[in-house]
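Asks: Handing over coords-v4.cif, mmCIF, N, CA and C atoms.
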data_final
#
loop_
_atom_site.label_atom_id
_atom_site.label_comp_id
_atom_site.auth_asym_id
_atom_site.auth_seq_id
_atom_site.Cartn_x
_atom_site.Cartn_y
_atom_site.Cartn_z
N MET A 640 14.56 11.53 -8.33
CA MET A 640 13.18 11.40 -8.76
C MET A 640 12.29 11.50 -7.53
N SER A 641 11.17 12.18 -7.68
CA SER A 641 10.29 12.39 -6.54
C SER A 641 9.52 11.13 -6.18
N GLN A 642 9.04 11.10 -4.97
CA GLN A 642 8.25 9.95 -4.50
C GLN A 642 6.99 9.79 -5.33
N ARG A 643 6.41 10.90 -5.76
CA ARG A 643 5.19 10.84 -6.57
C ARG A 643 5.45 10.12 -7.88
N LEU A 644 6.53 10.47 -8.57
CA LEU A 644 6.86 9.82 -9.84
C LEU A 644 7.15 8.34 -9.65
N LEU A 645 7.83 7.99 -8.56
CA LEU A 645 8.10 6.58 -8.29
C LEU A 645 6.82 5.80 -8.07
N ARG A 646 5.89 6.36 -7.33
CA ARG A 646 4.60 5.67 -7.09
C ARG A 646 3.81 5.52 -8.39
N ILE A 647 3.81 6.56 -9.22
CA ILE A 647 3.09 6.49 -10.49
C ILE A 647 3.72 5.46 -11.41
N ARG A 648 5.06 5.40 -11.45
CA ARG A 648 5.74 4.39 -12.26
C ARG A 648 5.35 2.98 -11.84
N GLU A 649 5.35 2.72 -10.55
CA GLU A 649 4.98 1.40 -10.06
C GLU A 649 3.53 1.07 -10.37
N LEU A 650 2.65 2.05 -10.23
CA LEU A 650 1.24 1.84 -10.55
C LEU A 650 1.07 1.54 -12.03
N LEU A 651 1.76 2.28 -12.89
CA LEU A 651 1.67 2.02 -14.33
C LEU A 651 2.21 0.64 -14.70
N LYS A 652 3.32 0.23 -14.08
CA LYS A 652 3.86 -1.11 -14.34
C LYS A 652 2.82 -2.18 -14.02
N ARG A 653 2.18 -2.04 -12.88
CA ARG A 653 1.18 -3.03 -12.46
C ARG A 653 -0.03 -3.02 -13.39
N GLU A 654 -0.55 -1.84 -13.71
CA GLU A 654 -1.75 -1.74 -14.54
C GLU A 654 -1.51 -2.19 -15.97
N VAL A 655 -0.37 -1.82 -16.55
CA VAL A 655 -0.06 -2.24 -17.92
C VAL A 655 0.13 -3.75 -17.97
N GLY A 656 0.78 -4.31 -16.97
CA GLY A 656 0.95 -5.77 -16.91
C GLY A 656 -0.38 -6.49 -16.83
N GLN A 657 -1.30 -5.96 -16.01
CA GLN A 657 -2.63 -6.58 -15.92
C GLN A 657 -3.40 -6.44 -17.22
N ALA A 658 -3.29 -5.29 -17.88
CA ALA A 658 -3.98 -5.09 -19.15
C ALA A 658 -3.45 -6.03 -20.23
N ILE A 659 -2.14 -6.24 -20.26
CA ILE A 659 -1.57 -7.15 -21.25
C ILE A 659 -2.05 -8.57 -21.00
N SER A 660 -2.06 -9.00 -19.75
CA SER A 660 -2.49 -10.38 -19.47
C SER A 660 -3.99 -10.55 -19.68
N ARG A 661 -4.77 -9.49 -19.50
CA ARG A 661 -6.21 -9.58 -19.65
C ARG A 661 -6.65 -9.49 -21.12
N ASP A 662 -6.01 -8.62 -21.88
CA ASP A 662 -6.49 -8.31 -23.22
C ASP A 662 -5.81 -9.08 -24.35
N PHE A 663 -4.68 -9.72 -24.07
CA PHE A 663 -3.94 -10.43 -25.11
C PHE A 663 -3.72 -11.88 -24.69
N ASP A 664 -3.66 -12.75 -25.69
CA ASP A 664 -3.36 -14.15 -25.44
C ASP A 664 -2.09 -14.50 -26.23
N PHE A 665 -0.95 -14.37 -25.56
CA PHE A 665 0.33 -14.61 -26.20
C PHE A 665 0.82 -16.02 -25.88
N PRO A 666 1.59 -16.63 -26.80
CA PRO A 666 2.14 -17.96 -26.54
C PRO A 666 3.38 -17.92 -25.66
N ALA A 667 3.76 -16.75 -25.17
CA ALA A 667 4.95 -16.58 -24.34
C ALA A 667 4.58 -15.72 -23.13
N LEU A 668 5.48 -15.68 -22.17
CA LEU A 668 5.29 -14.86 -20.99
C LEU A 668 5.77 -13.44 -21.29
N VAL A 669 4.91 -12.46 -21.11
CA VAL A 669 5.24 -11.06 -21.35
C VAL A 669 5.23 -10.34 -20.02
N THR A 670 6.35 -9.71 -19.66
CA THR A 670 6.44 -8.99 -18.40
C THR A 670 6.76 -7.52 -18.66
N VAL A 671 6.29 -6.68 -17.76
CA VAL A 671 6.62 -5.25 -17.82
C VAL A 671 7.81 -5.04 -16.90
N ASN A 672 8.94 -4.68 -17.47
CA ASN A 672 10.17 -4.51 -16.71
C ASN A 672 10.29 -3.13 -16.08
N ASP A 673 9.92 -2.09 -16.81
CA ASP A 673 10.08 -0.74 -16.29
C ASP A 673 9.19 0.21 -17.07
N VAL A 674 8.93 1.35 -16.48
CA VAL A 674 8.19 2.42 -17.13
C VAL A 674 9.00 3.70 -16.93
N ASP A 675 9.24 4.40 -18.02
CA ASP A 675 9.96 5.67 -17.96
C ASP A 675 8.95 6.78 -18.21
N LEU A 676 8.81 7.70 -17.26
CA LEU A 676 7.83 8.77 -17.35
C LEU A 676 8.50 10.10 -17.65
N ALA A 677 7.80 10.92 -18.43
CA ALA A 677 8.22 12.30 -18.60
C ALA A 677 7.88 13.06 -17.32
N PRO A 678 8.65 14.07 -16.99
CA PRO A 678 8.37 14.82 -15.75
C PRO A 678 6.97 15.44 -15.70
N ASP A 679 6.40 15.76 -16.86
CA ASP A 679 5.05 16.34 -16.87
C ASP A 679 3.96 15.27 -16.97
N LEU A 680 4.33 13.99 -16.96
CA LEU A 680 3.42 12.83 -17.00
C LEU A 680 2.63 12.72 -18.30
N ARG A 681 3.05 13.41 -19.34
CA ARG A 681 2.33 13.33 -20.62
C ARG A 681 2.72 12.11 -21.45
N ASN A 682 3.94 11.63 -21.30
CA ASN A 682 4.43 10.50 -22.08
C ASN A 682 5.06 9.47 -21.18
N ALA A 683 4.91 8.23 -21.57
CA ALA A 683 5.54 7.13 -20.85
C ALA A 683 6.06 6.13 -21.86
N THR A 684 7.20 5.54 -21.54
CA THR A 684 7.77 4.47 -22.34
C THR A 684 7.76 3.22 -21.48
N VAL A 685 7.16 2.15 -22.01
CA VAL A 685 7.03 0.90 -21.27
C VAL A 685 8.04 -0.09 -21.84
N PHE A 686 8.85 -0.66 -20.96
CA PHE A 686 9.85 -1.65 -21.35
C PHE A 686 9.32 -3.03 -20.97
N ILE A 687 9.25 -3.92 -21.95
CA ILE A 687 8.71 -5.25 -21.68
C ILE A 687 9.78 -6.30 -21.91
N GLY A 688 9.54 -7.47 -21.35
CA GLY A 688 10.38 -8.62 -21.57
C GLY A 688 9.51 -9.76 -22.06
N VAL A 689 10.05 -10.56 -22.97
CA VAL A 689 9.32 -11.70 -23.52
C VAL A 689 10.14 -12.95 -23.22
N VAL A 690 9.52 -13.91 -22.53
CA VAL A 690 10.18 -15.17 -22.20
C VAL A 690 9.47 -16.28 -22.97
N GLY A 691 10.22 -16.99 -23.80
CA GLY A 691 9.64 -18.06 -24.61
C GLY A 691 9.13 -17.52 -25.93
N GLY A 692 8.67 -18.40 -26.77
CA GLY A 692 8.12 -18.00 -28.05
C GLY A 692 9.15 -17.85 -29.14
N GLY A 693 10.43 -18.06 -28.83
CA GLY A 693 11.47 -17.95 -29.84
C GLY A 693 11.78 -16.52 -30.20
N ASP A 694 12.79 -16.33 -31.04
CA ASP A 694 13.22 -14.99 -31.42
C ASP A 694 12.16 -14.27 -32.26
N SER A 695 11.62 -14.95 -33.24
CA SER A 695 10.61 -14.31 -34.09
C SER A 695 9.29 -14.12 -33.34
N GLY A 696 9.01 -14.98 -32.36
CA GLY A 696 7.80 -14.81 -31.55
C GLY A 696 7.85 -13.57 -30.71
N GLY A 697 9.04 -13.26 -30.17
CA GLY A 697 9.21 -12.04 -29.39
C GLY A 697 9.01 -10.79 -30.22
N ARG A 698 9.54 -10.82 -31.44
CA ARG A 698 9.36 -9.67 -32.33
C ARG A 698 7.89 -9.50 -32.71
N GLY A 699 7.20 -10.61 -32.92
CA GLY A 699 5.78 -10.53 -33.25
C GLY A 699 4.95 -9.99 -32.11
N ILE A 700 5.31 -10.35 -30.88
CA ILE A 700 4.59 -9.84 -29.71
C ILE A 700 4.81 -8.34 -29.57
N VAL A 701 6.04 -7.90 -29.74
CA VAL A 701 6.34 -6.47 -29.64
C VAL A 701 5.61 -5.71 -30.75
N ALA A 702 5.60 -6.26 -31.96
CA ALA A 702 4.91 -5.60 -33.07
C ALA A 702 3.41 -5.50 -32.79
N ARG A 703 2.84 -6.56 -32.24
CA ARG A 703 1.40 -6.53 -31.93
C ARG A 703 1.08 -5.52 -30.83
N LEU A 704 1.92 -5.44 -29.82
CA LEU A 704 1.71 -4.45 -28.77
C LEU A 704 1.87 -3.03 -29.30
N ASN A 705 2.83 -2.81 -30.19
CA ASN A 705 3.01 -1.49 -30.77
C ASN A 705 1.83 -1.09 -31.65
N ARG A 706 1.25 -2.05 -32.37
CA ARG A 706 0.07 -1.76 -33.20
C ARG A 706 -1.13 -1.37 -32.35
N ASN A 707 -1.24 -1.96 -31.17
CA ASN A 707 -2.41 -1.76 -30.32
C ASN A 707 -2.16 -0.83 -29.14
N HIS A 708 -1.16 0.03 -29.26
CA HIS A 708 -0.89 0.95 -28.14
C HIS A 708 -1.92 2.08 -28.14
N GLY A 709 -1.96 2.75 -27.05
CA GLY A 709 -2.87 3.89 -26.99
C GLY A 709 -3.34 4.16 -25.59
#
For the structure just supplied, provide its representation as structure tokens.

Replies:
Amino acid sequence: MSQRLLRIRELLKREVGQAISRDFDFPALVTVNDVDLAPDLRNATVFIGVVGGGDSGGRGIVARLNRNHG
């Protein structure tokens, strides 16, 4: 992977994490674990982790983030 893609991945991880903490109020800790980028930078997949909130709380957080993606 090129240095450019690595830098963009790290920047996206940081920015998405800040956006989640700024725009959402979750009862659990939500972390951005990784970002997978397409080589043309058109698509990205964000992998998150949820600490606390129980099993159903984690599913609810993921569902809420998926509803509000964009």

Asks: Could you tell me which residues the PyMOL selection byres ((chain A and resi 644-655) around 7) grabs in this file, written as a PDB file with N, CA and C atoms, in the frame of the given file?

Replies:
ATOM      1  N   MET A 640      14.560  11.530  -8.330  1.00  0.00           N
ATOM      2  CA  MET A 640      13.180  11.400  -8.760  1.00  0.00           C
ATOM      3  C   MET A 640      12.290  11.500  -7.530  1.00  0.00           C
ATOM      4  N   SER A 641      11.170  12.180  -7.680  1.00  0.00           N
ATOM      5  CA  SER A 641      10.290  12.390  -6.540  1.00  0.00           C
ATOM      6  C   SER A 641       9.520  11.130  -6.180  1.00  0.00           C
ATOM      7  N   GLN A 642       9.040  11.100  -4.970  1.00  0.00           N
ATOM      8  CA  GLN A 642       8.250   9.950  -4.500  1.00  0.00           C
ATOM      9  C   GLN A 642       6.990   9.790  -5.330  1.00  0.00           C
ATOM     10  N   ARG A 643       6.410  10.900  -5.760  1.00  0.00           N
ATOM     11  CA  ARG A 643       5.190  10.840  -6.570  1.00  0.00           C
ATOM     12  C   ARG A 643       5.450  10.120  -7.880  1.00  0.00           C
ATOM     13  N   GLY A 656       0.780  -4.310 -16.970  1.00  0.00           N
ATOM     14  CA  GLY A 656       0.950  -5.770 -16.910  1.00  0.00           C
ATOM     15  C   GLY A 656      -0.380  -6.490 -16.830  1.00  0.00           C
ATOM     16  N   GLN A 657      -1.300  -5.960 -16.010  1.00  0.00           N
ATOM     17  CA  GLN A 657      -2.630  -6.580 -15.920  1.00  0.00           C
ATOM     18  C   GLN A 657      -3.400  -6.440 -17.220  1.00  0.00           C
ATOM     19  N   ALA A 658      -3.290  -5.290 -17.880  1.00  0.00           N
ATOM     20  CA  ALA A 658      -3.980  -5.090 -19.150  1.00  0.00           C
ATOM     21  C   ALA A 658      -3.450  -6.030 -20.230  1.00  0.00           C
ATOM     22  N   ILE A 659      -2.140  -6.240 -20.260  1.00  0.00           N
ATOM     23  CA  ILE A 659      -1.570  -7.150 -21.250  1.00  0.00           C
ATOM     24  C   ILE A 659      -2.050  -8.570 -21.000  1.00  0.00           C
ATOM     25  N   SER A 660      -2.060  -9.000 -19.750  1.00  0.00           N
ATOM     26  CA  SER A 660      -2.490 -10.380 -19.470  1.00  0.00           C
ATOM     27  C   SER A 660      -3.990 -10.550 -19.680  1.00  0.00           C
ATOM     28  N   VAL A 671       6.290  -6.680 -17.760  1.00  0.00           N
ATOM     29  CA  VAL A 671       6.620  -5.250 -17.820  1.00  0.00           C
ATOM     30  C   VAL A 671       7.810  -5.040 -16.900  1.00  0.00           C
ATOM     31  N   ASN A 672       8.940  -4.680 -17.470  1.00  0.00           N
ATOM     32  CA  ASN A 672      10.170  -4.510 -16.710  1.00  0.00           C
ATOM     33  C   ASN A 672      10.290  -3.130 -16.080  1.00  0.00           C
ATOM     34  N   ASP A 673       9.920  -2.090 -16.810  1.00  0.00           N
ATOM     35  CA  ASP A 673      10.080  -0.740 -16.290  1.00  0.00           C
ATOM     36  C   ASP A 673       9.190   0.210 -17.070  1.00  0.00           C
ATOM     37  N   VAL A 674       8.930   1.350 -16.480  1.00  0.00           N
ATOM     38  CA  VAL A 674       8.190   2.420 -17.130  1.00  0.00           C
ATOM     39  C   VAL A 674       9.000   3.700 -16.930  1.00  0.00           C
ATOM     40  N   ASP A 675       9.240   4.400 -18.020  1.00  0.00           N
ATOM     41  CA  ASP A 675       9.960   5.670 -17.960  1.00  0.00           C
ATOM     42  C   ASP A 675       8.950   6.780 -18.210  1.00  0.00           C
ATOM     43  N   LEU A 676       8.810   7.700 -17.260  1.00  0.00           N
ATOM     44  CA  LEU A 676       7.830   8.770 -17.350  1.00  0.00           C
ATOM     45  C   LEU A 676       8.500  10.100 -17.650  1.00  0.00           C
TER      46      LEU A 676
END

Asks: Which parts of chain A does DSSP call strand (DSSP E) when run on the backbone here, written out as a PyMOL selection string?

Replies: chain A and resi 668-676+683-690

Asks: Take atom CA of Leu668 of chain A and atom CA of Val690 of chain A and report the distance between them in Å, one decimal.

Replies: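 It comes out at 5.0 Å.
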
Asks: What residues in chain A get the DSSP label alpha helix (DSSP H)? Please answer as a compact mmCIF listing (two decimals) with N, CA and C atoms, keeping the file's coordinate frame.

Replies:
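Wrote it out as part37.txt, contents follow:
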# COMPACT_ATOMS: atom_id res chain seq x y z
N GLN A 642 9.04 11.10 -4.97
CA GLN A 642 8.25 9.95 -4.50
C GLN A 642 6.99 9.79 -5.33
N ARG A 643 6.41 10.90 -5.76
CA ARG A 643 5.19 10.84 -6.57
C ARG A 643 5.45 10.12 -7.88
N LEU A 644 6.53 10.47 -8.57
CA LEU A 644 6.86 9.82 -9.84
C LEU A 644 7.15 8.34 -9.65
N LEU A 645 7.83 7.99 -8.56
CA LEU A 645 8.10 6.58 -8.29
C LEU A 645 6.82 5.80 -8.07
N ARG A 646 5.89 6.36 -7.33
CA ARG A 646 4.60 5.67 -7.09
C ARG A 646 3.81 5.52 -8.39
N ILE A 647 3.81 6.56 -9.22
CA ILE A 647 3.09 6.49 -10.49
C ILE A 647 3.72 5.46 -11.41
N ARG A 648 5.06 5.40 -11.45
CA ARG A 648 5.74 4.39 -12.26
C ARG A 648 5.35 2.98 -11.84
N GLU A 649 5.35 2.72 -10.55
CA GLU A 649 4.98 1.40 -10.06
C GLU A 649 3.53 1.07 -10.37
N LEU A 650 2.65 2.05 -10.23
CA LEU A 650 1.24 1.84 -10.55
C LEU A 650 1.07 1.54 -12.03
N LEU A 651 1.76 2.28 -12.89
CA LEU A 651 1.67 2.02 -14.33
C LEU A 651 2.21 0.64 -14.70
N LYS A 652 3.32 0.23 -14.08
CA LYS A 652 3.86 -1.11 -14.34
C LYS A 652 2.82 -2.18 -14.02
N ARG A 653 2.18 -2.04 -12.88
CA ARG A 653 1.18 -3.03 -12.46
C ARG A 653 -0.03 -3.02 -13.39
N GLU A 654 -0.55 -1.84 -13.71
CA GLU A 654 -1.75 -1.74 -14.54
C GLU A 654 -1.51 -2.19 -15.97
N VAL A 655 -0.37 -1.82 -16.55
CA VAL A 655 -0.06 -2.24 -17.92
C VAL A 655 0.13 -3.75 -17.97
N GLY A 656 0.78 -4.31 -16.97
CA GLY A 656 0.95 -5.77 -16.91
C GLY A 656 -0.38 -6.49 -16.83
N GLN A 657 -1.30 -5.96 -16.01
CA GLN A 657 -2.63 -6.58 -15.92
C GLN A 657 -3.40 -6.44 -17.22
N ALA A 658 -3.29 -5.29 -17.88
CA ALA A 658 -3.98 -5.09 -19.15
C ALA A 658 -3.45 -6.03 -20.23
N ILE A 659 -2.14 -6.24 -20.26
CA ILE A 659 -1.57 -7.15 -21.25
C ILE A 659 -2.05 -8.57 -21.00
N SER A 660 -2.06 -9.00 -19.75
CA SER A 660 -2.49 -10.38 -19.47
C SER A 660 -3.99 -10.55 -19.68
N ARG A 661 -4.77 -9.49 -19.50
CA ARG A 661 -6.21 -9.58 -19.65
C ARG A 661 -6.65 -9.49 -21.12
N ASP A 662 -6.01 -8.62 -21.88
CA ASP A 662 -6.49 -8.31 -23.22
C ASP A 662 -5.81 -9.08 -24.35
N GLY A 693 10.43 -18.06 -28.83
CA GLY A 693 11.47 -17.95 -29.84
C GLY A 693 11.78 -16.52 -30.20
N ASP A 694 12.79 -16.33 -31.04
CA ASP A 694 13.22 -14.99 -31.42
C ASP A 694 12.16 -14.27 -32.26
N SER A 695 11.62 -14.95 -33.24
CA SER A 695 10.61 -14.31 -34.09
C SER A 695 9.29 -14.12 -33.34
N GLY A 696 9.01 -14.98 -32.36
CA GLY A 696 7.80 -14.81 -31.55
C GLY A 696 7.85 -13.57 -30.71
N GLY A 697 9.04 -13.26 -30.17
CA GLY A 697 9.21 -12.04 -29.39
C GLY A 697 9.01 -10.79 -30.22
N ARG A 698 9.54 -10.82 -31.44
CA ARG A 698 9.36 -9.67 -32.33
C ARG A 698 7.89 -9.50 -32.71
N GLY A 699 7.20 -10.61 -32.92
CA GLY A 699 5.78 -10.53 -33.25
C GLY A 699 4.95 -9.99 -32.11
N ILE A 700 5.31 -10.35 -30.88
CA ILE A 700 4.59 -9.84 -29.71
C ILE A 700 4.81 -8.34 -29.57
N VAL A 701 6.04 -7.90 -29.74
CA VAL A 701 6.34 -6.47 -29.64
C VAL A 701 5.61 -5.71 -30.75
N ALA A 702 5.60 -6.26 -31.96
CA ALA A 702 4.91 -5.60 -33.07
C ALA A 702 3.41 -5.50 -32.79
N ARG A 703 2.84 -6.56 -32.24
CA ARG A 703 1.40 -6.53 -31.93
C ARG A 703 1.08 -5.52 -30.83
N LEU A 704 1.92 -5.44 -29.82
CA LEU A 704 1.71 -4.45 -28.77
C LEU A 704 1.87 -3.03 -29.30
N ASN A 705 2.83 -2.81 -30.19
CA ASN A 705 3.01 -1.49 -30.77
C ASN A 705 1.83 -1.09 -31.65
N ARG A 706 1.25 -2.05 -32.37
CA ARG A 706 0.07 -1.76 -33.20
C ARG A 706 -1.13 -1.37 -32.35

Asks: Just give me the gap between atom CA of Asp662 of chain A and atom N of Asp679 of chain A in Å, one decimal is fine.

Replies: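 Going from atom CA of Asp662 of chain A over to atom N of Asp679 of chain A covers 28.0 Å.
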
Asks: As a check of understanding, name the residues that the PyMOL selection byres (((chain A and resi 669 and name CA) around 6) and name CA) selects in the supplied structure, as a list of chain:residue names.

Replies: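 Expected selection for the PyMOL selection byres (((chain A and resi 669 and name CA) around 6) and name CA) here is A:Leu668, A:Thr670, A:Gly688, A:Val689.
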
Asks: Using the chain letters and numbers from the file, give me the residues hit by the PyMOL selection byres (((chain A and resi 701 and name CA) around 12) and name CA), as a PyMOL selection string.

Replies: chain A and resi 659+663+665+667+669-671+685-689+692+694-700+702-708

Asks: What gap, in Å, lies between atom N of Asn682 of chain A and atom C of Gly709 of chain A?

Replies: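 Separating atom N of Asn682 of chain A from atom C of Gly709 of chain A is a distance of 11.3 Å.
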
Asks: Could you pull segment 675-688 of chain A out of the structure just shown and give N, CA, C and O atoms as a PDB file, in the first residue's frame?

Replies:
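Saved file part_19.pdb follows:
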ATOM      1  N   ASP A 675     -10.873   0.883   5.579  1.00  0.00           N
ATOM      2  CA  ASP A 675     -10.423   0.202   4.367  1.00  0.00           C
ATOM      3  C   ASP A 675     -10.831   1.069   3.184  1.00  0.00           C
ATOM      4  O   ASP A 675     -12.013   1.355   2.998  1.00  0.00           O
ATOM      5  N   LEU A 676      -9.854   1.489   2.388  1.00  0.00           N
ATOM      6  CA  LEU A 676     -10.104   2.377   1.262  1.00  0.00           C
ATOM      7  C   LEU A 676     -10.001   1.634  -0.058  1.00  0.00           C
ATOM      8  O   LEU A 676      -9.151   0.757  -0.225  1.00  0.00           O
ATOM      9  N   ALA A 677     -10.838   2.036  -1.003  1.00  0.00           N
ATOM     10  CA  ALA A 677     -10.690   1.564  -2.371  1.00  0.00           C
ATOM     11  C   ALA A 677      -9.493   2.289  -2.982  1.00  0.00           C
ATOM     12  O   ALA A 677      -9.200   3.428  -2.618  1.00  0.00           O
ATOM     13  N   PRO A 678      -8.798   1.656  -3.905  1.00  0.00           N
ATOM     14  CA  PRO A 678      -7.625   2.305  -4.508  1.00  0.00           C
ATOM     15  C   PRO A 678      -7.927   3.640  -5.196  1.00  0.00           C
ATOM     16  O   PRO A 678      -7.077   4.525  -5.241  1.00  0.00           O
ATOM     17  N   ASP A 679      -9.157   3.809  -5.688  1.00  0.00           N
ATOM     18  CA  ASP A 679      -9.512   5.074  -6.333  1.00  0.00           C
ATOM     19  C   ASP A 679     -10.092   6.094  -5.346  1.00  0.00           C
ATOM     20  O   ASP A 679     -10.511   7.171  -5.751  1.00  0.00           O
ATOM     21  N   LEU A 680     -10.134   5.758  -4.052  1.00  0.00           N
ATOM     22  CA  LEU A 680     -10.615   6.624  -2.962  1.00  0.00           C
ATOM     23  C   LEU A 680     -12.099   6.959  -3.055  1.00  0.00           C
ATOM     24  O   LEU A 680     -12.568   7.881  -2.402  1.00  0.00           O
ATOM     25  N   ARG A 681     -12.854   6.220  -3.840  1.00  0.00           N
ATOM     26  CA  ARG A 681     -14.288   6.501  -3.960  1.00  0.00           C
ATOM     27  C   ARG A 681     -15.110   5.888  -2.832  1.00  0.00           C
ATOM     28  O   ARG A 681     -16.163   6.395  -2.493  1.00  0.00           O
ATOM     29  N   ASN A 682     -14.650   4.779  -2.275  1.00  0.00           N
ATOM     30  CA  ASN A 682     -15.388   4.084  -1.226  1.00  0.00           C
ATOM     31  C   ASN A 682     -14.477   3.779  -0.059  1.00  0.00           C
ATOM     32  O   ASN A 682     -13.290   3.506  -0.244  1.00  0.00           O
ATOM     33  N   ALA A 683     -15.058   3.818   1.120  1.00  0.00           N
ATOM     34  CA  ALA A 683     -14.331   3.459   2.327  1.00  0.00           C
ATOM     35  C   ALA A 683     -15.252   2.658   3.225  1.00  0.00           C
ATOM     36  O   ALA A 683     -16.458   2.910   3.296  1.00  0.00           O
ATOM     37  N   THR A 684     -14.675   1.684   3.907  1.00  0.00           N
ATOM     38  CA  THR A 684     -15.393   0.905   4.906  1.00  0.00           C
ATOM     39  C   THR A 684     -14.759   1.206   6.250  1.00  0.00           C
ATOM     40  O   THR A 684     -13.543   1.098   6.403  1.00  0.00           O
ATOM     41  N   VAL A 685     -15.580   1.619   7.209  1.00  0.00           N
ATOM     42  CA  VAL A 685     -15.093   1.986   8.537  1.00  0.00           C
ATOM     43  C   VAL A 685     -15.444   0.866   9.500  1.00  0.00           C
ATOM     44  O   VAL A 685     -16.601   0.457   9.585  1.00  0.00           O
ATOM     45  N   PHE A 686     -14.440   0.376  10.211  1.00  0.00           N
ATOM     46  CA  PHE A 686     -14.629  -0.679  11.204  1.00  0.00           C
ATOM     47  C   PHE A 686     -14.622  -0.037  12.583  1.00  0.00           C
ATOM     48  O   PHE A 686     -13.672   0.671  12.926  1.00  0.00           O
ATOM     49  N   ILE A 687     -15.686  -0.271  13.346  1.00  0.00           N
ATOM     50  CA  ILE A 687     -15.782   0.343  14.663  1.00  0.00           C
ATOM     51  C   ILE A 687     -15.803  -0.735  15.738  1.00  0.00           C
ATOM     52  O   ILE A 687     -16.103  -1.899  15.475  1.00  0.00           O
ATOM     53  N   GLY A 688     -15.502  -0.312  16.949  1.00  0.00           N
ATOM     54  CA  GLY A 688     -15.604  -1.165  18.110  1.00  0.00           C
ATOM     55  C   GLY A 688     -16.484  -0.487  19.138  1.00  0.00           C
ATOM     56  O   GLY A 688     -16.470   0.735  19.278  1.00  0.00           O
TER      57      GLY A 688
END
